[in-house]
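Report on the following structure.
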Amino acid sequence: MAIEWWVVLATIAGPVIAVQTQKWIERATENRNRKRQIFDVMMANRATRLADDHVRAVNMIDLAFLPKGLNASKNREVLAAWRSLFGELTRGIPEEETDPGKLRAWTERCNEFYVKLLSKISIALGYNFTDEELRRGVYYPRGHGEREQAQLAILHGLRLILEGKESLQMRLTAAPGADVTAELQKKLTERMVDAYDADGSLKVRIQSDEAKGST
């Protein structure tokens, strides 16, 4: 009798277990694909971290690498690395800081935190990238760097203008009718000069009424 109940139970539970197992596999696959997509975007844009795709990818790390399941410990390491980088980026440096050495040191710290984050994600996904590969193995044309720096300079300057810290410089190189005005000014000056003698006396001409009538 007991054997018959086990057969009935197995018959009923079998499809349920199969469905739940399939759902678990689908969730695990979806989660891994999400992690893989984040890693792919970060690797593709690691030289252009201001790209919109890159910003969206790093903002998904907290959701994709929840510390649960079989990879809980590796996910925690990813989150710890991300929070270290996020903390440095948030802390930043004062806007008025102009010391090249301090600016370079802050940039290098951010780069190291970023490489560590990429390394932890690659380990969680089962890859074997070295830190040197993550740091150096990237192609970034010089023109792209110059364009990015120019965009940053424009945005920074625009922000200072909108905040009232800087003014918009303007230079007048030409004005409508400038040539005509200059010619009239020249003629007026010449007539004024002709109206004076060499010693600075004003030339005066007296004309009688008869002379006026004859003209």
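Going by the structure tokens order, chains are called A, B, ..., each with residues numbered from 1, while ligands are numbered from 1 in the order shown.
When the distance limit is 7 Å and only C-alpha atoms are what count, the residues near stretch 54-69 of chain A, minus those fewer than 5 positions from it on the same chain, are A:Asn31, A:Arg34, A:Lys35, A:Ile38, A:Val41, A:Met42, A:Asn45, A:Arg49, A:Asn75, A:Arg76, A:Leu79.
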Those residues with C-alpha atoms, as a compact mmCIF listing (two decimals), in the first residue's frame please?
# COMPACT_ATOMS: atom_id res chain seq x y z
CA ASN A 31 20.25 36.55 -14.31
CA ARG A 34 21.91 40.33 -17.32
CA LYS A 35 25.31 40.09 -15.65
CA ILE A 38 26.57 44.56 -17.93
CA VAL A 41 28.94 47.04 -21.99
CA MET A 42 31.54 47.95 -19.36
CA ASN A 45 33.11 51.34 -22.98
CA ARG A 49 32.99 55.91 -19.16
CA ASN A 75 28.28 38.77 -5.83
CA ARG A 76 29.16 40.38 -2.49
CA LEU A 79 29.07 44.89 -4.82
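Residue nearest A:Tyr114 within the list A:Thr90, A:Gln37, A:Ser84, A:Thr130: A:Ser84 [criterion: smallest interatomic distance, only C-alpha atoms].
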* A:Arg135, A:Arg83, A:Arg171, A:Lys102 ranked by distance to A:Leu118, top pick (using only C-alpha atoms) -> A:Arg135
* Run DSSP on the backbone and give me the residues of stretch 19-106 of chain A it puts in alpha helix (DSSP H), as JSON, numbers by chain. => {"A": [19, 20, 21, 22, 23, 24, 25, 26, 27, 28, 29, 30, 31, 32, 33, 34, 35, 36, 37, 38, 39, 40, 41, 42, 43, 44, 52, 53, 54, 55, 56, 57, 58, 59, 61, 62, 63, 64, 72, 73, 74, 75, 76, 77, 78, 79, 80, 81, 82, 83, 84, 85, 86, 87, 88, 89, 90, 91, 100, 101, 102, 103, 104, 105, 106]}
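The space separating atom CA of A:Glu108 from atom CA of A:Ala81 comes to 15.6 Å.
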* **atom CA of A:Leu89 to atom CA of A:Asp53, distance in Å rounded to a single decimal** =>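 Atom CA of A:Leu89 sits 17.7 Å away from atom CA of A:Asp53.
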* **Atomic separation - atom CA of A:Ala47 relative to atom CA of A:Thr29, Å** =>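 For atom CA of A:Thr29 relative to atom CA of A:Ala47, the distance reads 28.7 Å.
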